[in-house]
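J.: The structure file final.tsv (TSV, C-alpha atoms and all ligand atoms) is provided below.
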chain	number	residue	atom	x	y	z
A	1	MET	CA	31.42	24.76	-9.15
A	2	SER	CA	27.89	25.96	-9.86
A	3	VAL	CA	26.77	28.97	-7.84
A	4	VAL	CA	23.80	27.03	-6.45
A	5	ALA	CA	25.95	24.07	-5.36
A	6	SER	CA	28.46	26.34	-3.61
A	7	ARG	CA	25.75	27.48	-1.15
A	8	TYR	CA	25.67	24.07	0.54
A	9	ARG	CA	27.96	23.07	3.41
A	10	THR	CA	28.67	19.40	2.65
A	11	GLN	CA	30.31	17.72	-0.31
A	12	PHE	CA	27.33	15.36	-0.62
A	13	LEU	CA	24.83	18.22	-0.92
A	14	ARG	CA	27.07	20.17	-3.30
A	15	SER	CA	27.38	17.12	-5.58
A	16	TYR	CA	23.65	16.45	-5.37
A	17	ALA	CA	22.79	20.08	-6.20
A	18	ARG	CA	25.23	20.18	-9.11
A	19	SER	CA	23.99	16.97	-10.73
A	20	LYS	CA	20.29	17.66	-10.09
A	21	ILE	CA	20.47	21.08	-11.71
A	22	ALA	CA	22.57	19.77	-14.59
A	23	THR	CA	20.16	16.93	-15.40
A	24	ASP	CA	16.72	18.31	-14.52
A	25	PRO	CA	15.29	20.81	-17.02
A	26	ALA	CA	12.48	21.87	-14.65
A	27	TYR	CA	14.45	24.64	-12.90
A	28	ARG	CA	15.27	26.39	-16.19
A	29	ALA	CA	11.70	25.90	-17.44
A	30	VAL	CA	10.21	27.44	-14.28
A	31	PHE	CA	12.64	30.36	-14.54
A	32	GLU	CA	11.58	30.96	-18.14
A	33	ALA	CA	7.88	30.75	-17.27
A	34	LEU	CA	8.36	33.27	-14.43
A	35	ALA	CA	10.47	35.68	-16.49
A	36	GLY	CA	9.34	39.26	-15.98
A	37	THR	CA	7.10	38.47	-12.99
A	38	THR	CA	7.54	40.40	-9.74
A	39	ALA	CA	4.82	38.84	-7.56
A	40	PRO	CA	5.93	36.76	-4.55
A	41	LEU	CA	6.50	33.09	-5.27
A	42	LEU	CA	5.43	30.12	-3.17
A	43	ASP	CA	7.44	26.91	-3.73
A	44	LEU	CA	5.40	24.09	-2.15
A	45	GLY	CA	7.57	21.06	-1.35
A	46	CYS	CA	10.76	23.10	-1.78
A	47	GLY	CA	13.15	20.41	-0.48
A	48	ILE	CA	16.61	21.94	0.10
A	49	GLY	CA	15.68	25.10	-1.86
A	50	LEU	CA	17.23	24.30	-5.24
A	51	LEU	CA	14.57	26.15	-7.24
A	52	ALA	CA	14.83	29.30	-5.10
A	53	PHE	CA	18.62	29.39	-5.39
A	54	TYR	CA	18.52	28.66	-9.11
A	55	LEU	CA	16.07	31.54	-9.62
A	56	ARG	CA	18.25	33.90	-7.58
A	57	GLN	CA	21.34	32.89	-9.53
A	58	HIS	CA	19.54	33.86	-12.73
A	59	GLY	CA	18.37	37.25	-11.52
A	60	PHE	CA	14.84	36.52	-10.24
A	61	THR	CA	14.40	39.04	-7.41
A	62	ALA	CA	10.81	38.54	-6.17
A	63	PRO	CA	10.33	37.28	-2.61
A	64	ILE	CA	10.27	33.47	-2.42
A	65	THR	CA	8.73	31.33	0.30
A	66	GLY	CA	9.69	27.67	0.27
A	67	VAL	CA	7.56	25.23	2.27
A	68	ASP	CA	8.47	21.65	3.11
A	69	HIS	CA	7.38	19.33	5.91
A	70	ASP	CA	10.87	17.85	6.28
A	71	GLY	CA	12.60	19.92	8.95
A	72	ARG	CA	16.06	18.65	7.96
A	73	LYS	CA	15.65	20.01	4.44
A	74	ILE	CA	14.28	23.32	5.69
A	75	ASP	CA	17.32	23.66	7.98
A	76	VAL	CA	19.64	23.00	5.02
A	77	ALA	CA	17.78	25.55	2.87
A	78	ARG	CA	17.87	28.21	5.61
A	79	LEU	CA	21.62	27.79	6.04
A	80	ALA	CA	22.13	28.00	2.28
A	81	ALA	CA	19.95	31.14	1.99
A	82	ASP	CA	22.84	32.96	3.59
A	83	GLY	CA	21.09	36.11	4.76
A	84	ASP	CA	18.86	36.79	1.71
A	85	ARG	CA	15.96	38.47	3.51
A	86	ASP	CA	13.49	37.77	0.68
A	87	LEU	CA	14.03	34.03	0.87
A	88	HIS	CA	11.93	32.33	3.53
A	89	PHE	CA	11.95	28.62	4.26
A	90	VAL	CA	9.11	27.32	6.38
A	91	GLN	CA	8.51	23.86	7.82
A	92	ALA	CA	4.85	23.11	7.19
A	93	ASP	CA	2.59	20.54	5.61
A	94	ALA	CA	1.52	21.41	2.07
A	95	ARG	CA	-2.01	20.25	2.97
A	96	GLU	CA	-2.42	23.05	5.51
A	97	PRO	CA	-4.14	26.29	4.42
A	98	MET	CA	-1.64	29.06	3.71
A	99	ASN	CA	-2.14	32.78	3.63
A	100	PHE	CA	-0.40	33.62	0.37
A	101	ARG	CA	-1.03	35.68	-2.75
A	102	GLY	CA	1.20	35.33	-5.79
A	103	ASN	CA	2.61	32.72	-8.14
A	104	VAL	CA	2.80	29.11	-6.97
A	105	VAL	CA	5.12	26.26	-7.97
A	106	LEU	CA	4.70	22.57	-7.13
A	107	LEU	CA	7.67	20.54	-8.37
A	108	ASP	CA	7.35	16.79	-7.85
A	109	ILE	CA	5.16	16.89	-4.76
A	110	LEU	CA	1.54	16.15	-5.73
A	111	HIS	CA	2.17	12.41	-5.90
A	112	TYR	CA	2.65	12.19	-2.13
A	113	PHE	CA	-1.04	12.83	-1.50
A	114	THR	CA	-4.39	11.06	-1.87
A	115	ASP	CA	-6.68	12.01	-4.74
A	116	ASP	CA	-8.77	14.23	-2.44
A	117	GLU	CA	-5.72	15.94	-0.97
A	118	GLN	CA	-4.32	16.61	-4.43
A	119	GLY	CA	-7.61	18.26	-5.38
A	120	ARG	CA	-7.65	20.44	-2.25
A	121	ILE	CA	-4.00	21.49	-2.68
A	122	LEU	CA	-4.65	22.46	-6.30
A	123	GLU	CA	-7.82	24.40	-5.41
A	124	ARG	CA	-6.03	26.29	-2.63
A	125	ALA	CA	-3.03	26.99	-4.81
A	126	ALA	CA	-5.37	28.25	-7.54
A	127	ARG	CA	-7.08	30.64	-5.12
A	128	SER	CA	-3.67	32.11	-4.19
A	129	VAL	CA	-2.91	33.08	-7.78
A	130	PRO	CA	-4.16	36.52	-8.89
A	131	PRO	CA	-5.45	37.24	-12.42
A	132	GLY	CA	-2.52	36.98	-14.83
A	133	GLY	CA	-0.53	34.98	-12.26
A	134	LEU	CA	0.96	31.53	-12.68
A	135	LEU	CA	0.50	28.11	-11.16
A	136	ILE	CA	3.34	25.87	-12.32
A	137	ILE	CA	3.27	22.13	-11.70
A	138	ARG	CA	5.75	19.42	-12.61
A	139	ASP	CA	4.98	15.83	-11.75
A	140	GLY	CA	5.14	12.28	-12.97
A	141	LEU	CA	1.87	11.29	-14.61
A	142	HIS	CA	0.08	8.02	-13.95
A	143	ASP	CA	-0.56	6.41	-17.31
A	144	ALA	CA	0.08	3.13	-19.10
A	145	THR	CA	3.69	3.84	-20.15
A	146	VAL	CA	6.94	2.09	-19.17
A	147	ARG	CA	8.23	5.54	-18.23
A	148	TYR	CA	5.53	5.72	-15.57
A	149	ARG	CA	6.62	2.38	-14.11
A	150	ILE	CA	10.27	3.54	-13.99
A	151	THR	CA	9.24	6.84	-12.34
A	152	HIS	CA	7.26	4.97	-9.70
A	153	ALA	CA	10.08	2.47	-9.00
A	154	LEU	CA	12.74	5.17	-8.53
A	155	GLU	CA	10.54	7.22	-6.22
A	156	ALA	CA	9.75	4.11	-4.18
A	157	PHE	CA	13.52	3.56	-3.80
A	158	ALA	CA	14.15	7.19	-2.71
A	159	ARG	CA	11.41	6.79	-0.12
A	160	ALA	CA	12.74	3.42	1.09
A	161	VAL	CA	16.24	4.86	1.74
A	162	ARG	CA	14.56	7.85	3.44
A	163	TRP	CA	15.98	10.50	1.11
A	164	LEU	CA	12.30	11.36	0.69
A	165	LYS	CA	10.02	11.68	3.67
A	166	ALA	CA	6.60	10.96	2.21
A	167	GLU	CA	3.52	9.06	3.35
A	168	ARG	CA	2.59	7.43	0.06
A	169	LEU	CA	3.11	7.43	-3.71
A	170	ASN	CA	0.02	8.27	-5.75
A	171	PHE	CA	0.99	9.77	-9.09
A	172	PRO	CA	-1.81	11.92	-10.54
A	173	THR	CA	-3.38	11.41	-13.93
A	174	LYS	CA	-3.34	14.36	-16.32
A	175	GLU	CA	-7.06	14.81	-15.72
A	176	ARG	CA	-6.60	14.96	-11.94
A	177	ILE	CA	-4.25	17.93	-12.36
A	178	GLU	CA	-6.30	19.73	-14.97
A	179	GLY	CA	-9.78	19.05	-13.55
A	180	PRO	CA	-9.77	21.44	-10.54
A	181	LEU	CA	-8.25	24.24	-12.66
A	182	ARG	CA	-10.38	23.97	-15.76
A	183	GLY	CA	-12.11	27.18	-16.79
A	184	ALA	CA	-10.02	29.48	-14.58
A	185	PHE	CA	-6.63	29.08	-16.26
A	186	ASP	CA	-5.06	28.94	-19.68
A	187	GLU	CA	-2.79	25.92	-19.85
A	188	GLU	CA	0.43	24.84	-21.52
A	189	VAL	CA	1.69	21.30	-20.95
A	190	ARG	CA	4.81	19.56	-22.18
A	191	SER	CA	7.03	16.60	-21.42
A	192	MET	CA	9.71	17.51	-18.85
A	193	SER	CA	11.99	14.57	-18.10
A	194	GLY	CA	15.31	15.79	-19.52
A	195	PHE	CA	17.67	12.89	-20.22
A	196	MET	CA	16.06	10.76	-17.54
A	197	PRO	CA	13.59	7.91	-18.32
A	198	PHE	CA	10.82	9.55	-16.25
A	199	ASN	CA	7.21	10.28	-17.16
A	200	ASN	CA	7.39	13.91	-16.01
A	201	TYR	CA	5.28	16.73	-17.42
A	202	LEU	CA	5.35	20.47	-16.82
A	203	PHE	CA	2.05	22.34	-16.61
A	204	VAL	CA	2.06	26.13	-16.78
A	205	PHE	CA	-1.39	27.47	-15.83
A	206	LYS	CA	-1.96	31.19	-16.31
A	207	ARG	CA	-4.90	32.60	-14.39
A	208	SER	CA	-7.52	34.31	-16.50
A	209	SER	CA	-9.74	36.90	-14.83
A	210	ALA	CA	-12.79	34.60	-14.86
A	211	GLY	CA	-13.30	31.40	-12.86
A	212	ILE	CA	-12.21	30.50	-9.32
A	213	THR	CA	-12.42	33.50	-6.98
A	214	ASN	CA	-10.40	34.24	-3.87
A	215	ALA	CA	-13.31	33.50	-1.55
B	1	LIG	C1	10.95	15.08	-4.97
B	1	LIG	S1	11.21	16.29	-3.73
B	1	LIG	C2	11.13	17.76	-4.70
B	1	LIG	C3	11.87	18.92	-4.08
B	1	LIG	C4	11.82	20.24	-4.85
B	1	LIG	N1	10.45	20.60	-5.21
B	1	LIG	C5	12.67	20.17	-6.10
B	1	LIG	O1	12.13	19.86	-7.17
B	1	LIG	O2	13.88	20.43	-6.02
B	1	LIG	C6	9.61	16.32	-2.91
B	1	LIG	C7	9.58	17.18	-1.67
B	1	LIG	O3	8.22	17.18	-1.17
B	1	LIG	C8	8.31	17.19	0.23
B	1	LIG	N2	7.02	16.76	0.82
B	1	LIG	C9	6.48	15.52	0.82
B	1	LIG	N3	5.31	15.51	1.49
B	1	LIG	C10	5.11	16.79	1.93
B	1	LIG	C11	4.08	17.42	2.68
B	1	LIG	N4	3.05	16.71	3.15
B	1	LIG	N5	4.17	18.75	2.92
B	1	LIG	C12	5.25	19.46	2.47
B	1	LIG	N6	6.26	18.90	1.77
B	1	LIG	C13	6.20	17.59	1.48
B	1	LIG	C14	9.46	16.25	0.55
B	1	LIG	O4	9.96	16.46	1.86
B	1	LIG	C15	10.44	16.64	-0.55
B	1	LIG	O5	11.34	17.64	-0.13
Now that the file is in, can you turn its structure into structure tokens?
T.:
Amino acid sequence: MSVVASRYRTQFLRSYARSKIATDPAYRAVFEALAGTTAPLLDLGCGIGLLAFYLRQHGFTAPITGVDHDGRKIDVARLAADGDRDLHFVQADAREPMNFRGNVVLLDILHYFTDDEQGRILERAARSVPPGGLLIIRDGLHDATVRYRITHALEAFARAVRWLKAERLNFPTKERIEGPLRGAFDEEVRSMSGFMPFNNYLFVFKRSSAGITNA
């Protein structure tokens, strides 16, 4: 069994963790982007903590704070953290201001917010990242492709069966992600759907010293 999966208490969660990590390339890609960094990491919309546990399994030792508004998932993540004192899981809304300085990851969460909220979350996240630091985003992009329609349909199903607690689905366009960050970050973007028929992209923004300040 994978080391991440073995942290969870139920067979359902262990199976979910095993298959999600096996099929979703985002965890590996985030680990590679963070390689060599020691700054604290904020994982906004952390769910049951899969990214944090994956990073730990692969030797990432920086403190990690996972934030999710779903108290059930935070409880699961806390139990699975198993005494690691540099892993913190907090129940909070990603739209609330947070006092944090370091690298920030948003995996598959932006699409639960309105356009304005997405902009504010990105601006706040950007202000948390110091020069040379990273803001890493993976999300489905709203465009004219069939992949987008499949992504939307599967998320709508997950929400309907209440695996996902989310107010709405509003996938961002590429421009809506890049707009608030333009000028302050260098950017790399690539398709990130693995074997699944999703329209997912990974954005790795590296903060340059110019641009948005920590005002
Ligand atoms: C698709 S899951 C992704 C989980 C995790 N990032 C991962 O990739 O393994 C989206 C997560 O966003 C969380 N979420 C949705 N709306 C939120 C909000 N307003 N504040 C914080 N978390 C939220 C959901 O509870 C869910 O755990």
J.: Report as a tab-separated table the residues of chain A within 10 Å of ligand LIG 1 (chain B), each with its shortest atom pair and distance in Å (one decimal), using all atoms listed in the file, ordered by chain and increasing residue number.
T.:
residue	atom	partner	partner_atom	distance
A:Ala17	CA	B:LIG1	O2	8.9
A:Lys20	CA	B:LIG1	O2	8.1
A:Ile21	CA	B:LIG1	O2	8.7
A:Asp24	CA	B:LIG1	O1	8.8
A:Ala26	CA	B:LIG1	O1	7.8
A:Tyr27	CA	B:LIG1	O1	7.8
A:Asp43	CA	B:LIG1	N1	7.1
A:Leu44	CA	B:LIG1	C12	6.5
A:Gly45	CA	B:LIG1	O3	3.9
A:Cys46	CA	B:LIG1	N1	4.3
A:Gly47	CA	B:LIG1	O5	3.3
A:Ile48	CA	B:LIG1	O5	6.8
A:Gly49	CA	B:LIG1	O2	6.5
A:Leu50	CA	B:LIG1	O2	5.2
A:Leu51	CA	B:LIG1	O2	5.9
A:Ala52	CA	B:LIG1	O2	9.0
A:Tyr54	CA	B:LIG1	O2	9.9
A:Gly66	CA	B:LIG1	N1	9.0
A:Val67	CA	B:LIG1	C12	6.2
A:Asp68	CA	B:LIG1	N6	3.8
A:His69	CA	B:LIG1	C12	4.0
A:Asp70	CA	B:LIG1	O4	4.7
A:Gly71	CA	B:LIG1	O4	8.3
A:Arg72	CA	B:LIG1	O4	8.9
A:Lys73	CA	B:LIG1	O5	6.7
A:Ile74	CA	B:LIG1	O5	8.6
A:Val90	CA	B:LIG1	C12	9.6
A:Gln91	CA	B:LIG1	C12	7.7
A:Ala92	CA	B:LIG1	C12	6.0
A:Asp93	CA	B:LIG1	N5	3.6
A:Ala94	CA	B:LIG1	N5	3.8
A:Arg95	CA	B:LIG1	N4	6.2
A:Glu96	CA	B:LIG1	N5	8.3
A:Val105	CA	B:LIG1	N1	8.2
A:Leu106	CA	B:LIG1	N1	6.4
A:Leu107	CA	B:LIG1	N1	4.2
A:Asp108	CA	B:LIG1	C1	4.9
A:Ile109	CA	B:LIG1	O3	4.7
A:Leu110	CA	B:LIG1	O3	8.2
A:His111	CA	B:LIG1	C9	8.6
A:Tyr112	CA	B:LIG1	N3	5.6
A:Phe113	CA	B:LIG1	N4	7.3
A:Glu117	CA	B:LIG1	N4	9.7
A:Ile137	CA	B:LIG1	N1	9.8
A:Arg138	CA	B:LIG1	O1	8.4
A:Asp139	CA	B:LIG1	C1	9.1
A:Glu155	CA	B:LIG1	C1	8.0
A:Ala158	CA	B:LIG1	C1	8.8
A:Arg159	CA	B:LIG1	C1	9.6
A:Arg162	CA	B:LIG1	O4	9.9
A:Trp163	CA	B:LIG1	C15	8.4
A:Leu164	CA	B:LIG1	C14	5.7
A:Lys165	CA	B:LIG1	O4	5.1
A:Ala166	CA	B:LIG1	C9	4.8
A:Glu167	CA	B:LIG1	N3	6.9
A:Arg168	CA	B:LIG1	N3	8.6
A:Leu169	CA	B:LIG1	N3	9.9
J.: Could you pull the residues within 9 Å of Ala80 in chain A, counting all atoms listed in the file, minus those fewer than 2 positions along the same chain, as a PyMOL selection string?
T.: chain A and resi 4+6-9+48-49+53+75-78+82-83
J.: Excluding Ile64 in chain A and any residue of its chain fewer than 5 positions from it, enumerate the residues within 9 Å of it, using all atoms listed in the file, and give them as a PyMOL selection string.
T.: chain A and resi 40-43+52+86-89
J.: Please report the interatomic distance between CA of Gly36 in chain A and CA of His58 in chain A in Å with one decimal.
T.: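 Between CA of Gly36 in chain A and CA of His58 in chain A the gap works out to 12.0 Å.
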J.: Have a look at A:Val189, A:Leu55, A:Ala144, A:Leu13 and name the one nearest to Thr37 in chain A; count only C-alpha atoms.
T.: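 Ranking A:Val189, A:Leu55, A:Ala144, A:Leu13 by distance to Thr37 in chain A, first place goes to A:Leu55.
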J.: For Arg56 in chain A, which residue among A:Gly140, A:Leu79, A:Thr173, A:Phe31 is the nearest when counting all atoms listed in the file?
T.: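 Looking only at the distances to Arg56 in chain A, the closest residue turns out to be A:Phe31.
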J.: What does the distance between CA of Gln57 in chain A and CA of Asn99 in chain A come to in Å, to one decimal place?
T.: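 Value for the CA of Gln57 in chain A-CA of Asn99 in chain A distance: 26.9 Å.
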J.: Which of these, A:Leu154, A:Leu34, A:Asn199, A:Ala81, has the shortest distance to Val104 in chain A once you count all atoms listed in the file?
T.: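 Checking each of A:Leu154, A:Leu34, A:Asn199, A:Ala81 against Val104 in chain A, counting all atoms listed in the file, the winner is A:Leu34.
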J.: I'd like the interatomic distance between CA of Asp186 in chain A and CA of Phe60 in chain A, to a tenth of an Å.
T.: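 Distance between the two atoms: 23.3 Å.
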J.: From the set A:Gly194, A:Ala22, A:Pro180, A:Tyr16, which residue has the shortest atom-to-atom contact distance to Arg124 in chain A, counting all atoms listed in the file?
T.: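 Between A:Gly194, A:Ala22, A:Pro180, A:Tyr16, the residue approaching Arg124 in chain A most closely is A:Pro180.
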